[in-house]
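Asker: My structure file start38.cif, mmCIF, C-alpha atoms, pLDDT in the B column; chains and numbers go by the auth columns, is below:
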data_input
#
loop_
_atom_site.group_PDB
_atom_site.id
_atom_site.type_symbol
_atom_site.label_atom_id
_atom_site.label_comp_id
_atom_site.label_asym_id
_atom_site.label_seq_id
_atom_site.Cartn_x
_atom_site.Cartn_y
_atom_site.Cartn_z
_atom_site.B_iso_or_equiv
_atom_site.auth_seq_id
_atom_site.auth_asym_id
ATOM 1 C CA THR A 1 121.290 120.732 115.788 85.00 7 A
ATOM 2 C CA GLY A 2 124.649 119.178 114.920 83.00 8 A
ATOM 3 C CA LEU A 3 123.543 118.211 111.403 92.00 9 A
ATOM 4 C CA SER A 4 125.192 120.873 109.270 88.00 10 A
ATOM 5 C CA ALA A 5 128.819 119.870 109.735 85.00 11 A
ATOM 6 C CA GLU A 6 128.091 116.163 109.316 88.00 12 A
ATOM 7 C CA THR A 7 125.964 116.436 106.160 90.00 13 A
ATOM 8 C CA ARG A 8 127.421 119.256 104.067 89.00 14 A
ATOM 9 C CA ALA A 9 129.866 116.942 102.267 88.00 15 A
ATOM 10 C CA TYR A 10 127.019 114.846 100.815 90.00 16 A
ATOM 11 C CA THR A 11 124.162 115.306 98.362 90.00 17 A
ATOM 12 C CA ARG A 12 121.039 114.312 100.287 91.00 18 A
ATOM 13 C CA TRP A 13 117.800 113.050 98.719 94.00 19 A
ATOM 14 C CA GLY A 14 115.367 111.042 100.813 94.00 20 A
ATOM 15 C CA ILE A 15 114.722 111.570 104.519 94.00 21 A
ATOM 16 C CA ALA A 16 113.010 109.590 107.244 96.00 22 A
ATOM 17 C CA PHE A 17 112.308 111.327 110.550 95.00 23 A
ATOM 18 C CA VAL A 18 111.318 108.354 112.716 97.00 24 A
ATOM 19 C CA ASP A 19 112.005 107.015 116.203 98.00 25 A
ATOM 20 C CA PHE A 20 114.254 104.016 115.538 98.00 26 A
ATOM 21 C CA ASN A 21 114.997 103.190 119.193 98.00 27 A
ATOM 22 C CA ASN A 22 111.511 104.039 120.553 98.00 28 A
ATOM 23 C CA ASP A 23 112.787 106.518 123.131 97.00 29 A
ATOM 24 C CA GLY A 24 110.228 109.191 122.221 97.00 30 A
ATOM 25 C CA LEU A 25 112.640 111.284 120.130 97.00 31 A
ATOM 26 C CA LEU A 26 112.678 111.368 116.324 97.00 32 A
ATOM 27 C CA ASP A 27 115.896 110.215 114.687 98.00 33 A
ATOM 28 C CA LEU A 28 116.947 110.957 111.102 97.00 34 A
ATOM 29 C CA TYR A 29 117.992 108.783 108.154 97.00 35 A
ATOM 30 C CA GLU A 30 119.190 110.449 104.948 96.00 36 A
ATOM 31 C CA THR A 31 119.926 108.894 101.573 96.00 37 A
ATOM 32 C CA THR A 32 122.797 110.341 99.583 95.00 38 A
ATOM 33 C CA GLY A 33 124.148 110.242 96.052 93.00 39 A
ATOM 34 C CA GLY A 34 126.071 112.776 94.017 89.00 40 A
ATOM 35 C CA VAL A 35 124.921 114.543 90.862 88.00 41 A
ATOM 36 C CA VAL A 36 128.431 115.172 89.499 81.00 42 A
ATOM 37 C CA SER A 37 131.733 113.422 90.142 73.00 43 A
ATOM 38 C CA GLY A 38 133.684 115.096 92.936 65.00 44 A
ATOM 39 C CA PRO A 39 137.018 114.798 94.709 64.00 45 A
ATOM 40 C CA ASN A 40 135.714 112.128 97.075 67.00 46 A
ATOM 41 C CA SER A 41 135.280 108.722 95.490 75.00 47 A
ATOM 42 C CA TYR A 42 133.585 105.984 97.523 84.00 48 A
ATOM 43 C CA SER A 43 133.160 103.442 94.711 84.00 49 A
ATOM 44 C CA VAL A 44 135.148 102.452 91.639 84.00 50 A
ATOM 45 C CA ASP A 45 131.937 101.278 89.975 85.00 51 A
ATOM 46 C CA ASP A 46 129.790 104.365 90.576 88.00 52 A
ATOM 47 C CA PRO A 47 131.425 107.817 90.766 88.00 53 A
ATOM 48 C CA LEU A 48 128.184 109.248 92.238 91.00 54 A
ATOM 49 C CA ALA A 49 127.926 106.711 95.062 92.00 55 A
ATOM 50 C CA GLU A 50 127.998 107.957 98.646 93.00 56 A
ATOM 51 C CA PRO A 51 127.315 106.393 102.060 94.00 57 A
ATOM 52 C CA ASN A 52 123.917 107.068 103.621 96.00 58 A
ATOM 53 C CA LEU A 53 123.603 108.775 106.999 96.00 59 A
ATOM 54 C CA LEU A 54 121.851 107.957 110.277 97.00 60 A
ATOM 55 C CA PHE A 55 121.546 110.352 113.210 97.00 61 A
ATOM 56 C CA GLU A 56 120.208 109.845 116.728 97.00 62 A
ATOM 57 C CA GLN A 57 118.472 112.707 118.513 97.00 63 A
ATOM 58 C CA ASP A 58 119.233 113.436 122.157 95.00 64 A
ATOM 59 C CA GLU A 59 117.053 115.111 124.800 92.00 65 A
ATOM 60 C CA ASN A 60 118.512 118.528 123.961 93.00 66 A
ATOM 61 C CA GLY A 61 117.312 118.335 120.365 93.00 67 A
ATOM 62 C CA ARG A 62 120.772 117.753 118.907 95.00 68 A
ATOM 63 C CA PHE A 63 121.706 114.951 116.521 96.00 69 A
ATOM 64 C CA SER A 64 124.791 112.753 116.615 96.00 70 A
ATOM 65 C CA LYS A 65 125.967 110.533 113.774 95.00 71 A
ATOM 66 C CA VAL A 66 125.467 106.838 114.417 95.00 72 A
ATOM 67 C CA ILE A 67 128.557 104.681 114.088 92.00 73 A
ATOM 68 C CA PRO A 68 128.911 102.538 112.029 91.00 74 A
ATOM 69 C CA GLN A 69 127.828 105.101 109.456 92.00 75 A
ATOM 70 C CA GLY A 70 124.338 104.574 108.145 94.00 76 A
ATOM 71 C CA GLY A 71 123.578 102.185 110.999 95.00 77 A
ATOM 72 C CA THR A 72 124.583 99.015 109.134 94.00 78 A
ATOM 73 C CA ARG A 73 127.386 96.605 110.044 90.00 79 A
ATOM 74 C CA GLU A 74 128.704 96.786 106.502 89.00 80 A
ATOM 75 C CA LEU A 75 128.921 100.263 104.992 90.00 81 A
ATOM 76 C CA LEU A 76 126.436 100.537 102.120 88.00 82 A
ATOM 77 C CA ILE A 77 127.794 102.594 99.230 89.00 83 A
ATOM 78 C CA GLY A 78 125.469 103.608 96.424 91.00 84 A
ATOM 79 C CA SER A 79 123.641 106.384 94.651 94.00 85 A
ATOM 80 C CA SER A 80 120.585 106.251 96.895 95.00 86 A
ATOM 81 C CA HIS A 81 117.532 108.392 96.310 94.00 87 A
ATOM 82 C CA GLY A 82 114.201 107.311 97.775 95.00 88 A
ATOM 83 C CA VAL A 83 113.645 105.895 101.255 97.00 89 A
ATOM 84 C CA ALA A 84 110.425 104.554 102.753 97.00 90 A
ATOM 85 C CA ALA A 85 109.886 103.918 106.471 97.00 91 A
ATOM 86 C CA GLY A 86 107.524 101.477 108.160 97.00 92 A
ATOM 87 C CA ASP A 87 107.351 98.483 110.480 98.00 93 A
ATOM 88 C CA ILE A 88 107.747 95.782 107.840 97.00 94 A
ATOM 89 C CA ASP A 89 107.782 92.779 110.169 96.00 95 A
ATOM 90 C CA GLY A 90 105.369 94.064 112.827 95.00 96 A
ATOM 91 C CA ASP A 91 107.822 93.860 115.731 96.00 97 A
ATOM 92 C CA GLY A 92 107.476 97.499 116.832 97.00 98 A
ATOM 93 C CA GLY A 93 110.692 98.717 115.217 98.00 99 A
ATOM 94 C CA ILE A 94 110.663 101.005 112.187 98.00 100 A
ATOM 95 C CA ASP A 95 112.448 99.470 109.179 98.00 101 A
ATOM 96 C CA LEU A 96 113.600 101.111 105.934 98.00 102 A
ATOM 97 C CA VAL A 97 113.505 100.392 102.215 97.00 103 A
ATOM 98 C CA VAL A 98 116.162 102.322 100.292 97.00 104 A
ATOM 99 C CA VAL A 99 115.969 102.746 96.512 96.00 105 A
ATOM 100 C CA ASN A 100 119.299 102.930 94.682 94.00 106 A
ATOM 101 C CA SER A 101 120.177 103.975 91.146 92.00 107 A
ATOM 102 C CA ASN A 102 121.211 101.007 88.980 87.00 108 A
ATOM 103 C CA LYS A 103 121.329 98.673 91.995 90.00 109 A
ATOM 104 C CA PRO A 104 118.830 96.529 93.900 93.00 110 A
ATOM 105 C CA VAL A 105 116.927 98.096 96.776 95.00 111 A
ATOM 106 C CA ASN A 106 118.241 97.775 100.332 96.00 112 A
ATOM 107 C CA ILE A 107 115.833 96.466 102.965 97.00 113 A
ATOM 108 C CA LEU A 108 117.172 97.601 106.328 97.00 114 A
ATOM 109 C CA LYS A 109 115.593 95.756 109.242 97.00 115 A
ATOM 110 C CA ASN A 110 115.631 97.411 112.652 98.00 116 A
ATOM 111 C CA VAL A 111 117.401 94.973 114.979 96.00 117 A
ATOM 112 C CA LEU A 112 118.246 97.290 117.883 95.00 118 A
ATOM 113 C CA PRO A 113 118.312 95.036 120.958 92.00 119 A
ATOM 114 C CA ASP A 114 116.984 97.440 123.598 93.00 120 A
ATOM 115 C CA ARG A 115 114.215 99.399 121.925 97.00 121 A
ATOM 116 C CA GLY A 116 111.647 101.097 124.158 98.00 122 A
ATOM 117 C CA ASN A 117 107.916 100.548 124.213 98.00 123 A
ATOM 118 C CA TRP A 118 105.756 101.857 121.388 98.00 124 A
ATOM 119 C CA ILE A 119 102.210 102.450 120.247 98.00 125 A
ATOM 120 C CA ALA A 120 100.881 102.818 116.707 98.00 126 A
ATOM 121 C CA PHE A 121 97.662 103.909 115.005 98.00 127 A
ATOM 122 C CA THR A 122 96.363 102.929 111.584 98.00 128 A
ATOM 123 C CA LEU A 123 93.595 105.404 110.776 98.00 129 A
ATOM 124 C CA HIS A 124 91.112 104.858 107.968 98.00 130 A
ATOM 125 C CA ASN A 125 88.550 107.274 106.578 97.00 131 A
ATOM 126 C CA THR A 126 84.928 106.303 106.005 96.00 132 A
ATOM 127 C CA TYR A 127 85.896 104.613 102.716 95.00 133 A
ATOM 128 C CA GLY A 128 88.589 102.465 104.324 96.00 134 A
ATOM 129 C CA ALA A 129 91.514 104.400 102.823 97.00 135 A
ATOM 130 C CA PRO A 130 94.313 105.990 104.877 97.00 136 A
ATOM 131 C CA ALA A 131 92.918 109.059 106.637 98.00 137 A
ATOM 132 C CA ILE A 132 95.526 111.469 105.252 97.00 138 A
ATOM 133 C CA GLY A 133 95.763 114.618 107.377 97.00 139 A
ATOM 134 C CA SER A 134 94.196 113.101 110.491 98.00 140 A
ATOM 135 C CA GLN A 135 96.156 113.696 113.677 98.00 141 A
ATOM 136 C CA VAL A 136 97.020 111.827 116.853 98.00 142 A
ATOM 137 C CA ALA A 137 98.114 113.491 120.091 98.00 143 A
ATOM 138 C CA LEU A 138 99.344 111.484 123.081 98.00 144 A
ATOM 139 C CA MET A 139 99.506 112.571 126.705 98.00 145 A
ATOM 140 C CA LEU A 140 101.983 110.412 128.610 98.00 146 A
ATOM 141 C CA ASP A 141 102.014 109.618 132.312 97.00 147 A
ATOM 142 C CA ASP A 142 104.756 112.199 132.982 97.00 148 A
ATOM 143 C CA GLY A 143 102.653 114.970 131.397 97.00 149 A
ATOM 144 C CA SER A 144 104.657 115.131 128.160 97.00 150 A
ATOM 145 C CA LEU A 145 102.922 115.309 124.786 98.00 151 A
ATOM 146 C CA LEU A 146 103.620 113.612 121.457 98.00 152 A
ATOM 147 C CA PHE A 147 101.993 114.540 118.166 98.00 153 A
ATOM 148 C CA SER A 148 101.898 113.200 114.616 98.00 154 A
ATOM 149 C CA GLN A 149 99.620 113.061 111.591 97.00 155 A
ATOM 150 C CA VAL A 150 98.836 110.611 108.811 98.00 156 A
ATOM 151 C CA GLN A 151 101.214 111.570 106.025 94.00 157 A
ATOM 152 C CA THR A 152 102.853 109.379 103.409 92.00 158 A
ATOM 153 C CA ALA A 153 104.766 111.793 101.149 90.00 159 A
ATOM 154 C CA ARG A 154 108.068 112.831 102.722 85.00 160 A
ATOM 155 C CA GLY A 155 111.463 113.289 101.133 85.00 161 A
ATOM 156 C CA TYR A 156 112.343 112.608 97.525 90.00 162 A
ATOM 157 C CA ALA A 157 109.877 110.550 95.462 88.00 163 A
ATOM 158 C CA SER A 158 108.948 108.338 98.413 92.00 164 A
ATOM 159 C CA GLY A 159 105.767 107.018 99.990 92.00 165 A
ATOM 160 C CA HIS A 160 105.942 105.974 103.643 95.00 166 A
ATOM 161 C CA ASP A 161 103.695 103.687 105.674 97.00 167 A
ATOM 162 C CA PRO A 162 100.606 105.721 106.698 97.00 168 A
ATOM 163 C CA THR A 163 100.546 104.076 110.134 98.00 169 A
ATOM 164 C CA ILE A 164 101.447 106.576 112.874 98.00 170 A
ATOM 165 C CA HIS A 165 104.167 105.170 115.125 98.00 171 A
ATOM 166 C CA PHE A 166 105.241 106.575 118.491 98.00 172 A
ATOM 167 C CA GLY A 167 108.150 105.414 120.598 98.00 173 A
ATOM 168 C CA ILE A 168 107.331 105.947 124.290 98.00 174 A
ATOM 169 C CA GLY A 169 110.299 104.389 126.093 97.00 175 A
ATOM 170 C CA LEU A 170 109.303 103.338 129.607 97.00 176 A
ATOM 171 C CA LYS A 171 106.328 105.708 129.774 97.00 177 A
ATOM 172 C CA LYS A 172 102.637 104.933 129.529 97.00 178 A
ATOM 173 C CA VAL A 173 99.957 106.603 127.435 98.00 179 A
ATOM 174 C CA GLN A 174 97.237 108.226 129.514 98.00 180 A
ATOM 175 C CA ILE A 175 95.140 109.704 126.703 98.00 181 A
ATOM 176 C CA ALA A 176 95.249 109.407 122.914 98.00 182 A
ATOM 177 C CA THR A 177 93.238 112.020 121.029 98.00 183 A
ATOM 178 C CA ILE A 178 92.463 111.381 117.363 98.00 184 A
ATOM 179 C CA LYS A 179 91.400 114.419 115.338 98.00 185 A
ATOM 180 C CA TRP A 180 89.813 113.456 112.041 97.00 186 A
ATOM 181 C CA GLN A 181 89.904 115.513 108.860 95.00 187 A
ATOM 182 C CA ASP A 182 86.373 116.839 109.434 95.00 188 A
ATOM 183 C CA GLY A 183 87.342 118.226 112.861 96.00 189 A
ATOM 184 C CA THR A 184 85.619 115.559 114.967 97.00 190 A
ATOM 185 C CA GLN A 185 87.624 113.856 117.687 97.00 191 A
ATOM 186 C CA LEU A 186 87.917 110.451 119.294 97.00 192 A
ATOM 187 C CA VAL A 187 89.464 110.145 122.760 98.00 193 A
ATOM 188 C CA LEU A 188 90.985 106.871 123.969 98.00 194 A
ATOM 189 C CA GLU A 189 91.915 106.461 127.630 98.00 195 A
ATOM 190 C CA LYS A 190 94.978 104.390 128.475 98.00 196 A
ATOM 191 C CA PRO A 191 95.277 102.572 125.134 98.00 197 A
ATOM 192 C CA SER A 192 97.458 99.471 125.185 97.00 198 A
ATOM 193 C CA LYS A 193 101.150 99.873 124.401 97.00 199 A
ATOM 194 C CA ASN A 194 103.168 97.716 121.995 98.00 200 A
ATOM 195 C CA LYS A 195 100.134 97.392 119.760 97.00 201 A
ATOM 196 C CA ILE A 196 98.822 98.768 116.463 97.00 202 A
ATOM 197 C CA HIS A 197 95.380 100.298 116.999 98.00 203 A
ATOM 198 C CA THR A 198 93.360 100.175 113.771 98.00 204 A
ATOM 199 C CA ILE A 199 90.468 102.649 113.764 98.00 205 A
ATOM 200 C CA GLN A 200 88.023 103.658 111.032 97.00 206 A
ATOM 201 C CA HIS A 201 86.216 106.977 111.099 97.00 207 A
ATOM 202 C CA ALA A 202 82.505 106.476 111.588 89.00 208 A
ATOM 203 C CA GLU A 203 80.127 108.106 109.110 67.00 209 A
#
Rewrite the coordinates I just gave you, this time as structure tokens.
Answerer:
Amino acid sequence: TGLSAETRAYTRWGIAFVDFNNDGLLDLYETTGGVVSGPNSYSVDDPLAEPNLLFEQDENGRFSKVIPQGGTRELLIGSSHGVAAGDIDGDGGIDLVVVNSNKPVNILKNVLPDRGNWIAFTLHNTYGAPAIGSQVALMLDDGSLLFSQVQTARGYASGHDPTIHFGIGLKKVQIATIKWQDGTQLVLEKPSKNKIHTIQHAE
């Protein structure tokens, strides 16, 4: 996958597998921070501080490190642990909140200029709470399939936005199939792109 050589020098904690550029492929953000002082020192103030990592996935399933490292103009050095992903400002790009040890959090806004189209689903159960475990499958106009499920707990001590987000690039969604926790399904034909679809499971 191309990840081993690029990550083995760091101690990784939180992860976010999300599509930052909305091309239909999941990218990877990893928080890092040492547990003991090592030969590499990135900060005079914190011997455990390390730079976080951002990788972009290509069509062959391999990941390449984004430059500048971590995807920020200014390299962020810290002992980072938790990371939460979600579209904070509602513009269709997934943003990040990074929790650091003994430092303020970093709010990383997705400002990529040429992101693709997207579609998102906020699924609620009959009580109005996030429908954890419910699934969404998309069939796109080229016959390809995308799949995800409502899940908030990923990585180290982190809770992510329960909204399911898909990047679809220049493609269109032909069918969206929602499978609820009780096994029932809801089929949507040609749902609108660049929109959050909020749906509550009927009793």
Asker: Quick one: contact table of stretch 58-90 of chain A to stretch 160-177 of chain A, 10 Å max, nearest atom pair and distance in Å to one decimal per residue, counting only C-alpha atoms, chain and number order, as a tab-separated table?
Answerer:
residue	atom	partner	partner_atom	distance
A:His87	CA	A:Tyr162	CA	6.8
A:Gly88	CA	A:Ser164	CA	5.4
A:Val89	CA	A:Ser164	CA	6.0
A:Ala90	CA	A:His166	CA	4.8
Asker: Within 8 Å of A:Val103, counting all atoms listed in the file, which residues show up once you throw out same-chain ones fewer than 5 positions away? Write them as a PyMOL selection string, please.
Answerer: chain A and resi 89-91+111-114
Asker: List the neighbours of stretch 61-68 of chain A out to 10 Å using only C-alpha atoms; skip same-chain residues closer than 5 positions along the sequence, and give me the result as a list in words.
Answerer: Thr7, Gly8, Leu9, Glu12, Phe23, Val24, Asp25, Phe26, Asn27, Asp29, Gly30, Leu31, Leu32, Asp33, Leu34, Tyr35, Glu36, Ile73, Gln75, Gly76 and Gly77 of chain A
Asker: Could you give me, as number ranges by chain, the residues within 6 Å of A:Thr38, counting only C-alpha atoms and dropping anything in the same chain fewer than 4 positions from it?
Answerer: A: 17-19, 56, 58, 86
Asker: Fewer than 2 positions away in the same chain doesn't count, so skip those; otherwise give me all residues within 7 Å of A:His203, counting all atoms listed in the file, as a list in words.
Answerer: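 Here the answer would be Ala126, Phe127, Thr128, Lys201 and Ile205 of chain A.
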Asker: Mind filling out stretch 151-168 of chain A with N, CA, C and O atoms and sending it as a CSV table (one decimal), keeping the file's coordinate frame?
Answerer:
chain,number,residue,atom,x,y,z
A,151,LEU,N,103.8,115.5,125.9
A,151,LEU,CA,102.9,115.3,124.8
A,151,LEU,C,103.7,114.9,123.5
A,151,LEU,O,104.8,115.3,123.3
A,152,LEU,N,103.1,114.0,122.8
A,152,LEU,CA,103.6,113.6,121.5
A,152,LEU,C,102.5,113.8,120.4
A,152,LEU,O,101.4,113.6,120.7
A,153,PHE,N,103.0,114.2,119.2
A,153,PHE,CA,102.0,114.5,118.2
A,153,PHE,C,102.5,114.0,116.8
A,153,PHE,O,103.7,114.1,116.5
A,154,SER,N,101.6,113.6,116.0
A,154,SER,CA,101.9,113.2,114.6
A,154,SER,C,100.6,113.2,113.8
A,154,SER,O,99.5,113.3,114.3
A,155,GLN,N,100.8,113.1,112.5
A,155,GLN,CA,99.6,113.1,111.6
A,155,GLN,C,99.9,112.0,110.5
A,155,GLN,O,101.0,111.7,110.2
A,156,VAL,N,98.8,111.6,109.9
A,156,VAL,CA,98.8,110.6,108.8
A,156,VAL,C,99.4,111.3,107.6
A,156,VAL,O,98.7,112.3,107.1
A,157,GLN,N,100.6,110.9,107.2
A,157,GLN,CA,101.2,111.6,106.0
A,157,GLN,C,102.1,110.5,105.4
A,157,GLN,O,102.9,109.9,106.1
A,158,THR,N,102.0,110.4,104.1
A,158,THR,CA,102.9,109.4,103.4
A,158,THR,C,104.0,110.0,102.6
A,158,THR,O,105.0,109.4,102.4
A,159,ALA,N,103.8,111.2,102.1
A,159,ALA,CA,104.8,111.8,101.1
A,159,ALA,C,105.8,112.6,101.9
A,159,ALA,O,105.5,113.7,102.4
A,160,ARG,N,107.0,112.1,102.1
A,160,ARG,CA,108.1,112.8,102.7
A,160,ARG,C,109.4,112.5,102.0
A,160,ARG,O,109.6,111.4,101.6
A,161,GLY,N,110.2,113.5,101.8
A,161,GLY,CA,111.5,113.3,101.1
A,161,GLY,C,111.3,113.2,99.6
A,161,GLY,O,110.3,113.6,99.1
A,162,TYR,N,112.3,112.6,99.0
A,162,TYR,CA,112.3,112.6,97.5
A,162,TYR,C,111.6,111.4,97.0
A,162,TYR,O,112.1,110.3,97.2
A,163,ALA,N,110.6,111.6,96.2
A,163,ALA,CA,109.9,110.6,95.5
A,163,ALA,C,109.6,109.3,96.3
A,163,ALA,O,109.9,108.2,95.8
A,164,SER,N,109.1,109.5,97.5
A,164,SER,CA,108.9,108.3,98.4
A,164,SER,C,107.6,108.4,99.1
A,164,SER,O,107.0,109.4,99.4
A,165,GLY,N,107.0,107.2,99.3
A,165,GLY,CA,105.8,107.0,100.0
A,165,GLY,C,106.0,106.1,101.2
A,165,GLY,O,106.4,105.0,101.1
A,166,HIS,N,105.7,106.7,102.4
A,166,HIS,CA,105.9,106.0,103.6
A,166,HIS,C,104.7,105.3,104.1
A,166,HIS,O,103.6,105.6,103.7
A,167,ASP,N,104.8,104.4,105.1
A,167,ASP,CA,103.7,103.7,105.7
A,167,ASP,C,102.8,104.7,106.3
A,167,ASP,O,103.3,105.5,107.1
A,168,PRO,N,101.5,104.7,106.1
A,168,PRO,CA,100.6,105.7,106.7
A,168,PRO,C,100.3,105.5,108.2
A,168,PRO,O,99.8,106.3,108.8
